[in-house]
Amino acid sequence: MIYILRGTFNQSVSKSYMKRLVISPQTQSSHLVDPYRRKLTYLRISVTDRCNLRCLYCIPSQGMDKLRHEDILSYEEIIRVAGVAVNMGVNKLRITGGEPLVRKGIDSLLPRLGNLPGLKDLSLTTNGIYLKEHLQQIKSAGIIRINISLDTLNPQTYERITGFDGFDKVWEAIGLASDMGFSPIKLNMVVLKGINEDEVSDFANLSKKHPFHIRFIEYMPGGFVDQGTALHHIPNAVLKERLSTYGSLIPISRTDTDGPTTRFRFEGAPGEIGFISPLTHHFCDTCNRLRLTAEGHIRPCLFSDREVDLKTPLREGIDDEGLKRIFMKAAMEKPHGHRLSSAHPVTLAGKMSAIGG
Ligand code: SAM
């Protein structure tokens, strides 16, 4: 069954439509499609709002209010919600946070998610600080694709950006992950003007020596200027131009799982580089994502504060059909696009860690 929401549901949900919506319990595989006919097949799950780093661009230096443990979804709840999503056609799950590896018992969650029938791809995004200790369990859970956030190859700059002297730990974990056969290992670098922009070519050159997938992410202004540092993005088009002096960038043809990344490879390189450009190149037309926040809300668009509460009905005993209707409601509320630009920053300050990036 394909759920297509017809008509011009814009931001609001048609209540009568929701009442009429009947979902067959027999439905084995179903597709969640939004009013703009985008198939929603990718759910990012933030398992905690807590993080062991204080990245300049993500968390205000004064810290943030933390959710209470009872306010975040339990693993049982996450598994149930993920199972419903997969039953509605979601085939890709990414575990994120906060820092997912700081949540106790995370190793027990991963295999249970990996075993959901119909799931094609389970992956993890981490800052890598605790990765070494978890690599074996992550691999045993069937995860082979990991994204590691790493904005610099310089230990001092690492400490400046993250507030923690942790570069060596992350670098060691990347080497071990590579030796253990994780593939691809994606290194996500948020490029900040005047802070780490001089390292873009070093990261790109890593792709010539290692099979790493380097991802340059445009810094998204979150509405706060922190630690005395005004942060600015650099358009990815500028980076691409700069990198072309290091060799010609050969485009890699798109696959279904590319998402917003435009991918290239230097001739003969084992790795690749990719550009994710939320500011300068909106990818809303092909957005296939929903997000489950740590506190159990479905967030249809990263850049819109609109969220649909799933936790309250879940804890009131809603059945799976009801959960499906909530997913439908969230799909219906997915906006056509967003206006994020340096002139229109979003109000994500301090919230990325609960939403999961
Ligand atoms: N702790 C994990 C990690 O470090 O990868 C997962 C959570 S983190 C919020 C997910 C991603 O969001 C990271 O790659 C991070 O760099 C990115 N991110 C956070 N704030 C951002 C911002 N203002 N602009 C661009 N990317 C951002």
# chains A, B, ... in the order shown; residues from 1 in each chain; ligands from 1

call {"tool": "closest_atom_pairs", "arguments": {"of": "chain A", "to": "ligand 1", "cutoff": "7 Å", "atoms": "only C-alpha atoms and all ligand atoms", "output": "tab-separated table"}}
result
residue	atom	partner	partner_atom_place_in_ligand_line	distance
A:Cys51	CA	ligand 1	1 (N)	6.2
A:Tyr57	CA	ligand 1	23 (N)	4.6
A:Cys58	CA	ligand 1	20 (N)	4.1
A:Thr96	CA	ligand 1	6 (C)	4.7
A:Gly97	CA	ligand 1	7 (C)	4.4
A:Gly98	CA	ligand 1	1 (N)	4.8
A:Glu99	CA	ligand 1	1 (N)	3.6
A:Pro100	CA	ligand 1	1 (N)	6.5
A:Thr125	CA	ligand 1	5 (O)	4.6
A:Thr126	CA	ligand 1	2 (C)	3.9
A:Asn127	CA	ligand 1	4 (O)	3.7
A:Asn147	CA	ligand 1	5 (O)	6.8
A:Ile148	CA	ligand 1	5 (O)	5.6
A:Ser149	CA	ligand 1	5 (O)	4.5
A:Asn188	CA	ligand 1	14 (O)	5.4
A:Met189	CA	ligand 1	16 (O)	6.6
A:Val190	CA	ligand 1	16 (O)	5.6
A:Ile217	CA	ligand 1	25 (C)	6.0
A:Glu218	CA	ligand 1	25 (C)	5.8
A:Tyr219	CA	ligand 1	24 (N)	3.8
A:Met220	CA	ligand 1	24 (N)	3.8
A:Pro221	CA	ligand 1	23 (N)	5.5
A:Gly222	CA	ligand 1	23 (N)	5.5
A:Met352	CA	ligand 1	9 (C)	5.0
A:Ser353	CA	ligand 1	9 (C)	4.6
A:Gly356	CA	ligand 1	9 (C)	4.7
A:Gly357	CA	ligand 1	12 (O)	3.8

call {"tool": "select_by_dssp", "arguments": {"residues": "stretch 101-177 of chain A", "states": "strand (DSSP E or B)", "output": "list in words"}}
result
Asp121, Leu122, Ser123, Leu124, Thr125, Thr126, Arg145, Ile146, Asn147, Ile148 and Ser149 of chain A

call {"tool": "residues_around", "arguments": {"residues": "A:Ser253", "least_positions_apart": "6", "cutoff": "10 Å", "atoms": "only C-alpha atoms", "output": "PyMOL selection string"}}
result
chain A and resi 262-264

call {"tool": "select_by_dssp", "arguments": {"residues": "stretch 12-234 of chain A", "states": "alpha helix (DSSP H)", "output": "MDAnalysis selection string"}}
result
chainID A and resid 15:20 75:87 106:114 131:140 155:162 167:179 200:209

call {"tool": "atom_distance", "arguments": {"atom1": "atom CA of A:Arg306", "atom2": "atom CA of A:Leu110"}}
result
28.1 Å

call {"tool": "closest_residue", "arguments": {"among": "A:Asp49, A:Asp65, A:Glu77, A:Asp285", "to": "A:Leu323", "atoms": "only C-alpha atoms"}}
result
A:Glu77

call {"tool": "atom_distance", "arguments": {"atom1": "atom CA of A:Pro184", "atom2": "atom CA of A:Gln156"}}
result
27.0 Å

call {"tool": "atom_distance", "arguments": {"atom1": "atom CA of A:Ile79", "atom2": "atom CA of A:Gly181"}}
result
26.8 Å

call {"tool": "closest_residue", "arguments": {"among": "A:Arg50, A:His281, A:Arg80, A:His134", "to": "A:Leu67", "atoms": "only C-alpha atoms"}}
result
A:Arg50

call {"tool": "closest_residue", "arguments": {"among": "A:Glu295, A:Gly163, A:Val47, A:Thr245", "to": "A:Arg68", "atoms": "only C-alpha atoms"}}
result
A:Glu295

call {"tool": "residues_around", "arguments": {"residues": "stretch 287-294 of chain A", "least_positions_apart": "4", "cutoff": "9 Å", "atoms": "only C-alpha atoms", "output": "PyMOL selection string"}}
result
chain A and resi 33+38-49+67+71-73+78+97-98+259-260+283+298-302+310+330-331+334+353-356

call {"tool": "write_last_selection", "arguments": {"atoms": "N, CA, C and O atoms", "output": "CSV table (one decimal), in the first residue's frame"}}
result
chain,number,residue,atom,x,y,z
A,33,VAL,N,4.5,8.6,2.1
A,33,VAL,CA,4.7,9.7,1.1
A,33,VAL,C,4.1,11.0,1.6
A,33,VAL,O,3.0,11.0,2.1
A,38,ARG,N,7.1,13.1,-2.0
A,38,ARG,CA,8.4,12.6,-1.6
A,38,ARG,C,8.2,11.3,-0.7
A,38,ARG,O,7.4,11.4,0.2
A,39,LYS,N,8.9,10.3,-1.1
A,39,LYS,CA,8.8,9.0,-0.3
A,39,LYS,C,9.7,9.2,0.9
A,39,LYS,O,10.9,9.5,0.7
A,40,LEU,N,9.2,9.0,2.1
A,40,LEU,CA,10.0,9.1,3.3
A,40,LEU,C,10.5,7.7,3.7
A,40,LEU,O,9.7,6.9,4.2
A,41,THR,N,11.7,7.5,3.4
A,41,THR,CA,12.3,6.2,3.7
A,41,THR,C,13.4,6.2,4.6
A,41,THR,O,14.1,5.1,4.8
A,42,TYR,N,13.7,7.3,5.2
A,42,TYR,CA,14.9,7.5,6.0
A,42,TYR,C,14.5,8.1,7.4
A,42,TYR,O,13.9,9.2,7.4
A,43,LEU,N,14.8,7.4,8.5
A,43,LEU,CA,14.5,8.0,9.8
A,43,LEU,C,15.8,8.1,10.6
A,43,LEU,O,16.5,7.1,10.8
A,44,ARG,N,16.0,9.3,11.0
A,44,ARG,CA,17.2,9.5,11.9
A,44,ARG,C,16.7,9.5,13.3
A,44,ARG,O,15.8,10.2,13.7
A,45,ILE,N,17.3,8.7,14.2
A,45,ILE,CA,16.9,8.5,15.5
A,45,ILE,C,17.9,9.1,16.5
A,45,ILE,O,19.0,8.6,16.6
A,46,SER,N,17.5,10.2,17.2
A,46,SER,CA,18.4,10.7,18.2
A,46,SER,C,18.2,10.0,19.5
A,46,SER,O,17.0,10.0,20.1
A,47,VAL,N,19.2,9.2,20.1
A,47,VAL,CA,18.9,8.4,21.2
A,47,VAL,C,19.2,9.1,22.5
A,47,VAL,O,18.9,8.6,23.6
A,48,THR,N,19.8,10.3,22.4
A,48,THR,CA,20.1,11.1,23.6
A,48,THR,C,20.4,12.5,23.2
A,48,THR,O,20.8,12.8,22.1
A,49,ASP,N,20.1,13.4,24.1
A,49,ASP,CA,20.4,14.9,23.9
A,49,ASP,C,21.8,15.2,24.4
A,49,ASP,O,22.3,16.3,24.3
A,67,LEU,N,17.6,17.0,29.1
A,67,LEU,CA,16.3,16.3,29.3
A,67,LEU,C,16.5,15.3,30.5
A,67,LEU,O,17.6,14.8,30.7
A,71,ASP,N,12.3,11.5,30.4
A,71,ASP,CA,11.7,12.2,29.3
A,71,ASP,C,12.2,11.8,27.9
A,71,ASP,O,11.7,12.2,26.9
A,72,ILE,N,13.3,11.0,27.9
A,72,ILE,CA,13.7,10.5,26.6
A,72,ILE,C,13.1,9.1,26.4
A,72,ILE,O,12.8,8.4,27.3
A,73,LEU,N,13.0,8.7,25.1
A,73,LEU,CA,12.4,7.4,24.8
A,73,LEU,C,13.3,6.3,25.3
A,73,LEU,O,14.5,6.4,25.2
A,78,ILE,N,11.9,3.0,21.5
A,78,ILE,CA,12.6,3.3,20.2
A,78,ILE,C,12.4,2.1,19.3
A,78,ILE,O,12.1,2.3,18.1
A,97,GLY,N,22.6,11.5,17.9
A,97,GLY,CA,22.4,12.1,19.2
A,97,GLY,C,22.4,13.6,19.1
A,97,GLY,O,22.3,14.2,18.0
A,98,GLY,N,22.8,14.3,20.2
A,98,GLY,CA,23.7,14.0,21.2
A,98,GLY,C,24.8,13.1,20.7
A,98,GLY,O,25.0,12.9,19.5
A,259,GLY,N,21.4,10.7,-0.6
A,259,GLY,CA,20.8,11.9,0.1
A,259,GLY,C,21.2,13.2,-0.5
A,259,GLY,O,21.3,13.3,-1.7
A,260,PRO,N,21.6,14.1,0.4
A,260,PRO,CA,21.9,15.4,-0.1
A,260,PRO,C,23.3,15.6,-0.6
A,260,PRO,O,23.7,16.7,-1.0
A,283,PHE,N,18.2,21.0,-0.7
A,283,PHE,CA,18.0,19.7,-1.3
A,283,PHE,C,16.6,19.2,-0.9
A,283,PHE,O,16.3,18.0,-0.8
A,298,ILE,N,8.4,13.5,16.5
A,298,ILE,CA,8.8,13.3,15.1
A,298,ILE,C,8.9,14.7,14.5
A,298,ILE,O,8.0,15.6,14.7
A,299,ARG,N,10.1,15.0,13.9
A,299,ARG,CA,10.4,16.3,13.4
A,299,ARG,C,10.4,16.2,11.9
A,299,ARG,O,11.4,15.6,11.3
A,300,PRO,N,9.5,16.7,11.2
A,300,PRO,CA,9.4,16.5,9.7
A,300,PRO,C,10.5,17.2,9.0
A,300,PRO,O,10.9,16.7,7.9
A,301,CYS,N,11.0,18.4,9.5
A,301,CYS,CA,12.0,19.1,8.8
A,301,CYS,C,13.0,19.6,9.8
A,301,CYS,O,12.6,20.3,10.8
A,302,LEU,N,14.3,19.4,9.6
A,302,LEU,CA,15.3,19.9,10.5
A,302,LEU,C,15.1,21.4,10.8
A,302,LEU,O,15.4,21.9,11.9
A,310,LEU,N,5.0,12.1,19.7
A,310,LEU,CA,4.7,10.6,19.6
A,310,LEU,C,4.8,10.0,21.0
A,310,LEU,O,4.1,9.0,21.3
A,330,ALA,N,2.9,13.3,10.7
A,330,ALA,CA,4.2,14.0,10.6
A,330,ALA,C,4.5,14.2,9.1
A,330,ALA,O,5.0,15.2,8.7
A,331,ALA,N,4.2,13.1,8.3
A,331,ALA,CA,4.5,13.2,6.9
A,331,ALA,C,3.7,14.3,6.3
A,331,ALA,O,4.2,15.1,5.4
A,334,LYS,N,5.2,17.8,6.7
A,334,LYS,CA,6.6,18.0,6.1
A,334,LYS,C,6.5,19.2,5.2
A,334,LYS,O,5.7,19.2,4.2
A,353,SER,N,21.6,18.8,19.3
A,353,SER,CA,21.9,17.5,20.0
A,353,SER,C,20.7,16.7,20.3
A,353,SER,O,20.8,15.5,20.5
A,354,ALA,N,19.6,17.4,20.5
A,354,ALA,CA,18.4,16.6,20.8
A,354,ALA,C,17.7,16.1,19.5
A,354,ALA,O,17.1,15.0,19.5
A,355,ILE,N,18.0,16.9,18.4
A,355,ILE,CA,17.4,16.5,17.2
A,355,ILE,C,18.2,15.5,16.4
A,355,ILE,O,17.8,14.6,15.7
A,356,GLY,N,19.6,15.6,16.6
A,356,GLY,CA,20.4,14.6,16.0
A,356,GLY,C,21.1,15.1,14.7
A,356,GLY,O,21.7,14.2,14.0

call {"tool": "closest_residue", "arguments": {"among": "A:Leu113, A:Leu231, A:Val81, A:Leu187", "to": "A:Pro313", "atoms": "only C-alpha atoms"}}
result
A:Val81

call {"tool": "closest_residue", "arguments": {"among": "A:Ile138, A:Pro60, A:Leu32, A:Asp319", "to": "A:Val90", "atoms": "only C-alpha atoms"}}
result
A:Leu32

call {"tool": "residues_around", "arguments": {"residues": "A:Glu159", "least_positions_apart": "5", "cutoff": "10 Å", "atoms": "only C-alpha atoms", "output": "PyMOL selection string"}}
result
chain A and resi 53-55+152+154+164-167

call {"tool": "residues_around", "arguments": {"residues": "A:Ser244", "least_positions_apart": "5", "cutoff": "10 Å", "atoms": "only C-alpha atoms", "output": "number ranges by chain"}}
result
A: 201, 239, 249, 266

call {"tool": "closest_residue", "arguments": {"among": "A:Gly271, A:Pro111, A:Gly118, A:Pro155", "to": "A:Ile143", "atoms": "only C-alpha atoms"}}
result
A:Pro111
